[in-house]
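S.K.: For reference, the structure I am asking about is given below.
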Amino acid sequence: MARFNTRTAKAGATSPVRSTGRTLRTHQGGTGSGRDARSELFLLAVANFVSQQTLYESAGSRDDRFTRLVRKLAVEDPAWTAGLLGWLRGEGNMRTASIVGAAEYVKARLDASATAGPTNRQVIDSVLRRADEPGELLGYWTSQYGRTVPKPVKRGIADAVARLYSGKSLLKYDTASKGYRFGDILNLVHASPDPAKPWQGALFQYALDRRHNPDSAEPPASIRTLTAHRALMALPADERRAVITAPGASERLAEAGMTWEALAGWLQGPMDAAAWEAVIPSMGAMALLRNLRNFDQAGVSDTVAAQIAARISDPEVVAASRQFPFRYLAAYQHAPSLRWAYALEKALGHSLANVPALPGRTLILVDRSGSMWSRLSDRSELNRADAAAVFGAAVAMRAQSADLVEFGTGSGRVKYRSGESVLKVLGRFGELGGTNTTEAVRKHYKKHDRVLIVTDEQAAYSYYGDPTEQVPKHIPVYTWNLAGYGAGHAPSGKQNRHTFGGLTDAAFRMVPLLERGRDADWPWV
């Protein structure tokens with residue numbers, strides 16, 4: 001029995017992604033719905049990996065649209081835009097988009113002499129969460145606007161530097177391949193050490209020395225990580241392999257801040273099982289995911305593999321790593337050994353922790369049209385079609401009763417069983433050509449309590465109208481947008497028609513709110 005989604009439920013709940021009433025055309029020629037600037041920017045930001053082309057939009061056009069929207073809203077609605085950028089780098093886990101957005105936010109406000117709202121310095125600081133990111137932001141700024149860096153940018157970076165710079169981060173990120181080394185950044189922004197970190201003054205001086213006088217720079221004795229690393233680097237090459245097979249090897253490598261990438265070069269030889277097993281205890285969750293294939297190829301033992309599997313599937317580790325669900329799908333597809341399969345299935349489930357157990361009957365439509373097969377980024381083999389299928393299957397399997405449907409030119413049911421592996425269900429989806437969303441809804445809607453459509457919204461024209469018009473007005477229709485194009489396939493924001501966005505399950509928090517008749521707001525509000 002449906003408790004929330006009934007004819008007597010409140011109908012006035014609103015959601016933040018809102019249409020303007022302006023009629024557009026989708027890239028497939030369907031009648032589209034224009035959105036206000038905030039909604040368009042949000043949907044683009046949560047799907048935008050920056051400089052990544054999609055089927056219908058070039059990388060340059062997509063980036064220009066993102067920049068134009070940020071600059072407009074930085075002046076017109078600075079508090080909202082600052083909130084978006086901070087959330088985007090934090091919970092949204094969109095690193096490059098947030099850095100680019102912060103730089104453009106500041107540039108627009110300086111050009112307009114705007115002073116209201118959060119300070120430019122605060123916004124810059126809010127998007128810098130990793131020690132290599134001050135250099136990334138400076139690299140972007142100087143490539144776009146020249147080598148003159150305004151004071152708010154310098155001060156925001158200086159605040160971040162005091163938070164982020166440490167012995168380990170210097171060893172990991174202060175490398176010769178970087179255009180801006182730690183010492184360059186310290187010189188430029190005049191960062192002061194954090195008073196709560198008495199060792200940081202010596203660290204800053206060492207970063208300057210190794211940038212400008214690398215042959216004579218000596219790591220400060222007060223920072224054990226740096227001195228331990230120097231001792232390892234001083235070992236003759238023919239003595240280094242013995243280090244990784246000696247008792248306490250893992251602890252020694254960790255103390256010296258030796259990453260797996262650095263270890264491969266330091267050994268001047270192959271990363272065999274012994275090398276991996278020495279460095280695995282100090283590797284982070286994302287590094288473990290990326291190297292499962294390498295562990296198998298090197299012959300890492302089953303005992304160590306079991307420890308890795310336990311770590312990557314630990315719910316607290318998954319939550320702390322803030323990885324997108326599709327990262328676990330990518331690892332599953334590229335790891336050749338079945339010994340990782342169950343751990344990755346569990347990890348994927350933990351990463352979808354916000355998917356609600358929807359009551360009543362739910363129709364879930366997953367877009368498998370041609371435009372959904374573009375890759376999420378140039379560095380990933382994953383595509384939006386598979387991301388959509390993972391989310392759709394997860395909702396179906398957690399719902400009280402759900403019909404799971406794939407659609408394109410045609411459409412059809414996807415079979416699944418309660419408690420089955422989401423990753424196994426994914427293998428039953430196909431590639432289905434065009435985007436006849438309206439016909440899919442018409443064919444499969446059978447008095448369900450709600451409809452959820454996971455799509456890029458680029459629906460083809462239909463004589464019968466937009467997809468949501470095929471469902472009675474008192475039945476909620478939720479569109480989950482995975483691409484961020486300008487035109488939506490239907491109006492949204494009120495009257496049981498709502499659009500979410502992004503590649504995490506955070507949007508699902510809104511569904512129970514809306515079905516209780518409560519307004520849903522932006523996720524950082």
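Residue names in the structure tokens use chain letters A, B, ... in the order shown, residue numbers from 1 in each chain, and ligand numbers from 1 in the order shown.
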Set the distance at 9 Å and use only C-alpha atoms: which residues neighbour Ile157 in chain A once local chain neighbours fewer than 2 positions away are removed? I'd like the list as a PyMOL selection string.
M.R.: chain A and resi 121+124-125+128+134-135+137-138+152-155+159-162+185+189+191
S.K.: Neighbouring residues of range 264-281 of chain A were defined as those with any atom within 10 Å, considering only C-alpha atoms; residues of the same chain fewer than 3 positions away were excluded. Please report them as number ranges by chain.
M.R.: A: 232-233, 235, 237-254, 258-261, 284, 287-288, 291, 294-301, 304-305, 307-308, 311
S.K.: Only C-alpha atoms, please: the residues just picked out, written as an mmCIF file, in the first residue's frame.
M.R.:
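Written file, out29.cif:
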data_model
loop_
_atom_site.group_PDB
_atom_site.id
_atom_site.type_symbol
_atom_site.label_atom_id
_atom_site.label_comp_id
_atom_site.auth_asym_id
_atom_site.auth_seq_id
_atom_site.Cartn_x
_atom_site.Cartn_y
_atom_site.Cartn_z
ATOM 1 C CA LEU A 232 65.448 5.723 0.954
ATOM 2 C CA MET A 233 66.412 7.768 -2.082
ATOM 3 C CA LEU A 235 70.216 3.874 -1.138
ATOM 4 C CA ALA A 237 69.807 0.944 -6.721
ATOM 5 C CA ASP A 238 71.028 -2.612 -6.142
ATOM 6 C CA GLU A 239 70.050 -2.420 -2.457
ATOM 7 C CA ARG A 240 66.521 -1.139 -2.887
ATOM 8 C CA ARG A 241 64.673 -4.365 -3.651
ATOM 9 C CA ALA A 242 65.882 -5.798 -0.357
ATOM 10 C CA VAL A 243 63.970 -3.040 1.447
ATOM 11 C CA ILE A 244 60.591 -4.246 0.211
ATOM 12 C CA THR A 245 61.225 -7.849 1.277
ATOM 13 C CA ALA A 246 62.608 -7.008 4.729
ATOM 14 C CA PRO A 247 60.455 -7.108 7.890
ATOM 15 C CA GLY A 248 58.587 -3.843 8.402
ATOM 16 C CA ALA A 249 58.784 -2.895 4.719
ATOM 17 C CA SER A 250 55.254 -1.515 4.601
ATOM 18 C CA GLU A 251 55.798 0.670 7.638
ATOM 19 C CA ARG A 252 59.091 2.011 6.270
ATOM 20 C CA LEU A 253 57.566 2.912 2.918
ATOM 21 C CA ALA A 254 54.575 4.567 4.580
ATOM 22 C CA MET A 258 56.379 6.479 -0.767
ATOM 23 C CA THR A 259 53.425 6.211 -3.145
ATOM 24 C CA TRP A 260 52.981 3.271 -5.490
ATOM 25 C CA GLU A 261 53.774 5.532 -8.452
ATOM 26 C CA GLY A 284 44.099 4.821 -0.680
ATOM 27 C CA ALA A 287 44.416 3.759 -5.894
ATOM 28 C CA LEU A 288 43.401 0.230 -4.915
ATOM 29 C CA ASN A 291 45.175 -1.243 -9.676
ATOM 30 C CA ASN A 294 47.867 -4.874 -11.838
ATOM 31 C CA PHE A 295 47.598 -6.841 -8.585
ATOM 32 C CA ASP A 296 46.375 -9.873 -10.506
ATOM 33 C CA GLN A 297 49.025 -9.580 -13.196
ATOM 34 C CA ALA A 298 51.774 -9.328 -10.575
ATOM 35 C CA GLY A 299 50.436 -12.367 -8.676
ATOM 36 C CA VAL A 300 49.500 -10.704 -5.387
ATOM 37 C CA SER A 301 48.593 -13.442 -2.904
ATOM 38 C CA VAL A 304 46.580 -9.824 0.552
ATOM 39 C CA ALA A 305 43.767 -9.793 -2.028
ATOM 40 C CA GLN A 307 42.597 -7.653 2.750
ATOM 41 C CA ILE A 308 42.188 -5.380 -0.278
ATOM 42 C CA ARG A 311 39.034 -2.434 2.538
#
S.K.: Looking only at strand (DSSP E) from DSSP on the backbone, list the matching residues of range 436-495 of chain A as a ChimeraX atom specification.
M.R.: /A:450-455,477-481
S.K.: Hey, can you check how far CA of Arg62 in chain A sits from CA of Glu91 in chain A?
M.R.: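 If I compute the distance from CA of Arg62 in chain A to CA of Glu91 in chain A, I get 22.6 Å.
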S.K.: Can you tell me which residues surround Tyr173 in chain A at a distance of at most 10 Å, considering only C-alpha atoms, apart from same-chain residues fewer than 6 positions away, and format the answer as a compact mmCIF listing (two decimals) with N, CA and C atoms, in the first residue's frame?
M.R.:
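Saved the output as around-v3.txt:
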# COMPACT_ATOMS: atom_id res chain seq x y z
N ARG A 130 42.73 19.50 -2.23
CA ARG A 130 43.88 18.62 -2.35
C ARG A 130 45.10 19.47 -2.63
N ALA A 131 46.28 19.02 -2.21
CA ALA A 131 47.46 19.89 -2.23
C ALA A 131 47.94 20.25 -3.63
N ASP A 132 47.52 19.53 -4.66
CA ASP A 132 47.92 19.90 -6.02
C ASP A 132 46.96 20.92 -6.64
N GLU A 133 45.86 21.20 -5.97
CA GLU A 133 44.83 22.05 -6.57
C GLU A 133 45.16 23.55 -6.58
N GLY A 135 47.94 24.75 -7.47
CA GLY A 135 48.65 24.84 -8.74
C GLY A 135 47.72 24.71 -9.92
N TYR A 165 49.34 21.87 2.72
CA TYR A 165 50.73 21.47 2.49
C TYR A 165 51.28 20.71 3.70
N ARG A 181 55.36 24.66 -9.14
CA ARG A 181 55.84 23.87 -8.02
C ARG A 181 55.38 24.52 -6.71
N PHE A 182 55.47 23.78 -5.61
CA PHE A 182 55.09 24.33 -4.31
C PHE A 182 55.83 25.63 -4.03
S.K.: Hey, what does DSSP flag as alpha helix (DSSP H) within range 467-525 of chain A? Can you give it to me as a CSV table (one decimal) with C-alpha atoms, in the first residue's frame?
M.R.:
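Result went into out_29.csv, see below:
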chain,number,residue,atom,x,y,z
A,510,MET,CA,14.6,14.5,-2.7
A,511,VAL,CA,12.1,11.8,-3.7
A,512,PRO,CA,10.8,11.0,-0.2
A,513,LEU,CA,10.6,14.8,0.6
A,514,LEU,CA,8.5,15.5,-2.5
A,515,GLU,CA,6.2,12.5,-1.9
S.K.: For each of A:Leu329, A:Ala385, A:Val318, A:Val425, take the minimum atom-to-atom distance to Met397 in chain A, counting only C-alpha atoms, then give the residue where this is smallest.
M.R.: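 So, comparing all the options, the nearest one is A:Val425.
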S.K.: List the spatial neighbours of range 66-78 of chain A as a PyMOL selection string - criterion: any atom at most 12 Å away, only C-alpha atoms, same-chain residues fewer than 4 positions off excluded.
M.R.: chain A and resi 36-51+59-62+82-85+97-120+122-123+144+484-486
S.K.: Pick out the closest residue to Ile364 in chain A from this set: A:Leu352, A:Pro336, A:Ala262, A:Val477. Count only C-alpha atoms.
M.R.: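 Under the stated criterion, the closest residue is A:Val477.
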S.K.: Would you mind reading off the distance between CA of Lys168 in chain A and CA of His229 in chain A, one decimal, in Å?
M.R.: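 According to the coordinates, CA of Lys168 in chain A and CA of His229 in chain A are separated by 9.6 Å.
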S.K.: State, in Å with one decimal place, the distance from CA of Ala335 in chain A to CA of Gly501 in chain A.
M.R.: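 Answer for the CA of Ala335 in chain A to CA of Gly501 in chain A separation: 28.9 Å.
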S.K.: Tell me which protein, DNA and RNA residues are within 8 Å of range 398-407 of chain A, counting only C-alpha atoms, leaving out same-chain ones fewer than 6 positions away, and put them as a PyMOL selection string.
M.R.: chain A and resi 355-369+392+413-415+418+429-430+432+435-437+440+444
S.K.: Write a file of the selected residues as a compact mmCIF listing (two decimals), in the first residue's frame, keeping C-alpha atoms.
M.R.:
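Result file is selection18.txt:
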# COMPACT_ATOMS: atom_id res chain seq x y z
CA VAL A 355 18.68 5.13 -2.95
CA PRO A 356 15.30 4.97 -1.16
CA ALA A 357 13.10 1.90 -0.77
CA LEU A 358 10.18 3.35 -2.69
CA PRO A 359 6.72 2.13 -1.63
CA GLY A 360 3.98 1.07 -4.02
CA ARG A 361 4.60 0.47 -7.74
CA THR A 362 7.37 2.28 -9.62
CA LEU A 363 8.10 2.47 -13.35
CA ILE A 364 11.81 3.00 -14.07
CA LEU A 365 12.86 3.87 -17.62
CA VAL A 366 16.57 3.76 -18.52
CA ASP A 367 17.75 5.59 -21.65
CA ARG A 368 19.95 3.35 -23.82
CA SER A 369 19.86 5.52 -26.94
CA GLY A 392 17.97 2.38 -12.58
CA ARG A 413 11.40 -4.91 -19.83
CA VAL A 414 14.68 -5.85 -18.15
CA LYS A 415 14.39 -8.87 -15.89
CA SER A 418 15.23 -9.25 -5.60
CA PHE A 429 20.73 -4.03 -21.01
CA GLY A 430 21.28 -3.37 -24.71
CA LEU A 432 18.69 0.77 -28.57
CA THR A 435 15.32 8.36 -28.09
CA ASN A 436 11.59 7.70 -28.27
CA THR A 437 10.95 8.55 -24.64
CA ALA A 440 8.29 4.19 -23.97
CA HIS A 444 4.85 0.80 -20.12
S.K.: Would you pick out the contacts of Leu186 in chain A at 8 Å or less, using only C-alpha atoms, so that residues sharing its chain but fewer than 5 positions from it are not included, and give the list as a list in words?
M.R.: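 Close residues of Leu186 in chain A: Ala158, Ala191, Phe204 and Leu208 of chain A.
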S.K.: Keeping N, CA and C atoms for every residue in the selection just given, could you write it to a file as an mmCIF file, in the first residue's frame?
M.R.:
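Dumped to again.cif:
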data_model
loop_
_atom_site.group_PDB
_atom_site.id
_atom_site.type_symbol
_atom_site.label_atom_id
_atom_site.label_comp_id
_atom_site.auth_asym_id
_atom_site.auth_seq_id
_atom_site.Cartn_x
_atom_site.Cartn_y
_atom_site.Cartn_z
ATOM 1 N N ALA A 158 46.464 31.127 -0.629
ATOM 2 C CA ALA A 158 47.299 31.120 0.576
ATOM 3 C C ALA A 158 46.585 30.429 1.737
ATOM 4 N N ALA A 191 52.167 32.788 1.255
ATOM 5 C CA ALA A 191 51.419 32.054 2.277
ATOM 6 C C ALA A 191 52.192 32.009 3.587
ATOM 7 N N PHE A 204 57.781 24.922 4.423
ATOM 8 C CA PHE A 204 57.698 25.949 3.395
ATOM 9 C C PHE A 204 59.102 26.340 2.915
ATOM 10 N N LEU A 208 60.760 25.918 -0.910
ATOM 11 C CA LEU A 208 61.433 26.982 -1.656
ATOM 12 C C LEU A 208 62.847 26.582 -2.043
#
S.K.: Quick one: residues within 12 Å of Ala207 in chain A, only C-alpha atoms counted, chain neighbours fewer than 6 positions away excluded, as a list of chain:residue names?
M.R.: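 That gives A:Tyr165, A:Ser166, A:Gly167, A:Ser169, A:Leu170, A:Leu171, A:Tyr173, A:Asp174, A:Thr175, A:Tyr180, A:Arg181, A:Phe182, A:Gly183, A:Asp184, A:Ile185, A:Leu186, A:Asn187, A:Gln200, A:Gly201, A:Asn213, A:Pro214, A:Ala217, A:Glu218, A:Pro219, A:Pro220, A:Leu226.
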S.K.: Those residues with C-alpha atoms, as a PDB file, in the first residue's frame please?
M.R.:
ATOM      1  CA  TYR A 165      50.725  21.475   2.493  1.00  0.00           C
ATOM      2  CA  SER A 166      52.486  18.723   4.424  1.00  0.00           C
ATOM      3  CA  GLY A 167      55.533  16.517   4.029  1.00  0.00           C
ATOM      4  CA  SER A 169      51.714  16.091  -0.009  1.00  0.00           C
ATOM      5  CA  LEU A 170      54.993  17.711  -1.031  1.00  0.00           C
ATOM      6  CA  LEU A 171      56.479  14.332  -1.939  1.00  0.00           C
ATOM      7  CA  TYR A 173      52.534  16.489  -5.764  1.00  0.00           C
ATOM      8  CA  ASP A 174      55.633  18.722  -5.909  1.00  0.00           C
ATOM      9  CA  THR A 175      57.136  17.122  -8.980  1.00  0.00           C
ATOM     10  CA  TYR A 180      53.700  25.510 -10.688  1.00  0.00           C
ATOM     11  CA  ARG A 181      55.836  23.870  -8.020  1.00  0.00           C
ATOM     12  CA  PHE A 182      55.087  24.332  -4.308  1.00  0.00           C
ATOM     13  CA  GLY A 183      57.912  26.873  -4.102  1.00  0.00           C
ATOM     14  CA  ASP A 184      56.503  28.881  -7.008  1.00  0.00           C
ATOM     15  CA  ILE A 185      53.113  29.047  -5.339  1.00  0.00           C
ATOM     16  CA  LEU A 186      54.580  30.053  -1.985  1.00  0.00           C
ATOM     17  CA  ASN A 187      56.538  32.855  -3.668  1.00  0.00           C
ATOM     18  CA  GLN A 200      55.065  24.010   8.569  1.00  0.00           C
ATOM     19  CA  GLY A 201      57.499  26.934   8.492  1.00  0.00           C
ATOM     20  CA  ASN A 213      68.494  25.264  -5.108  1.00  0.00           C
ATOM     21  CA  PRO A 214      67.660  21.577  -5.570  1.00  0.00           C
ATOM     22  CA  ALA A 217      68.292  21.560  -0.363  1.00  0.00           C
ATOM     23  CA  GLU A 218      68.219  19.517   2.845  1.00  0.00           C
ATOM     24  CA  PRO A 219      64.943  18.254   4.324  1.00  0.00           C
ATOM     25  CA  PRO A 220      64.313  19.581   7.845  1.00  0.00           C
ATOM     26  CA  LEU A 226      61.030  13.971   4.470  1.00  0.00           C
TER      27      LEU A 226
END
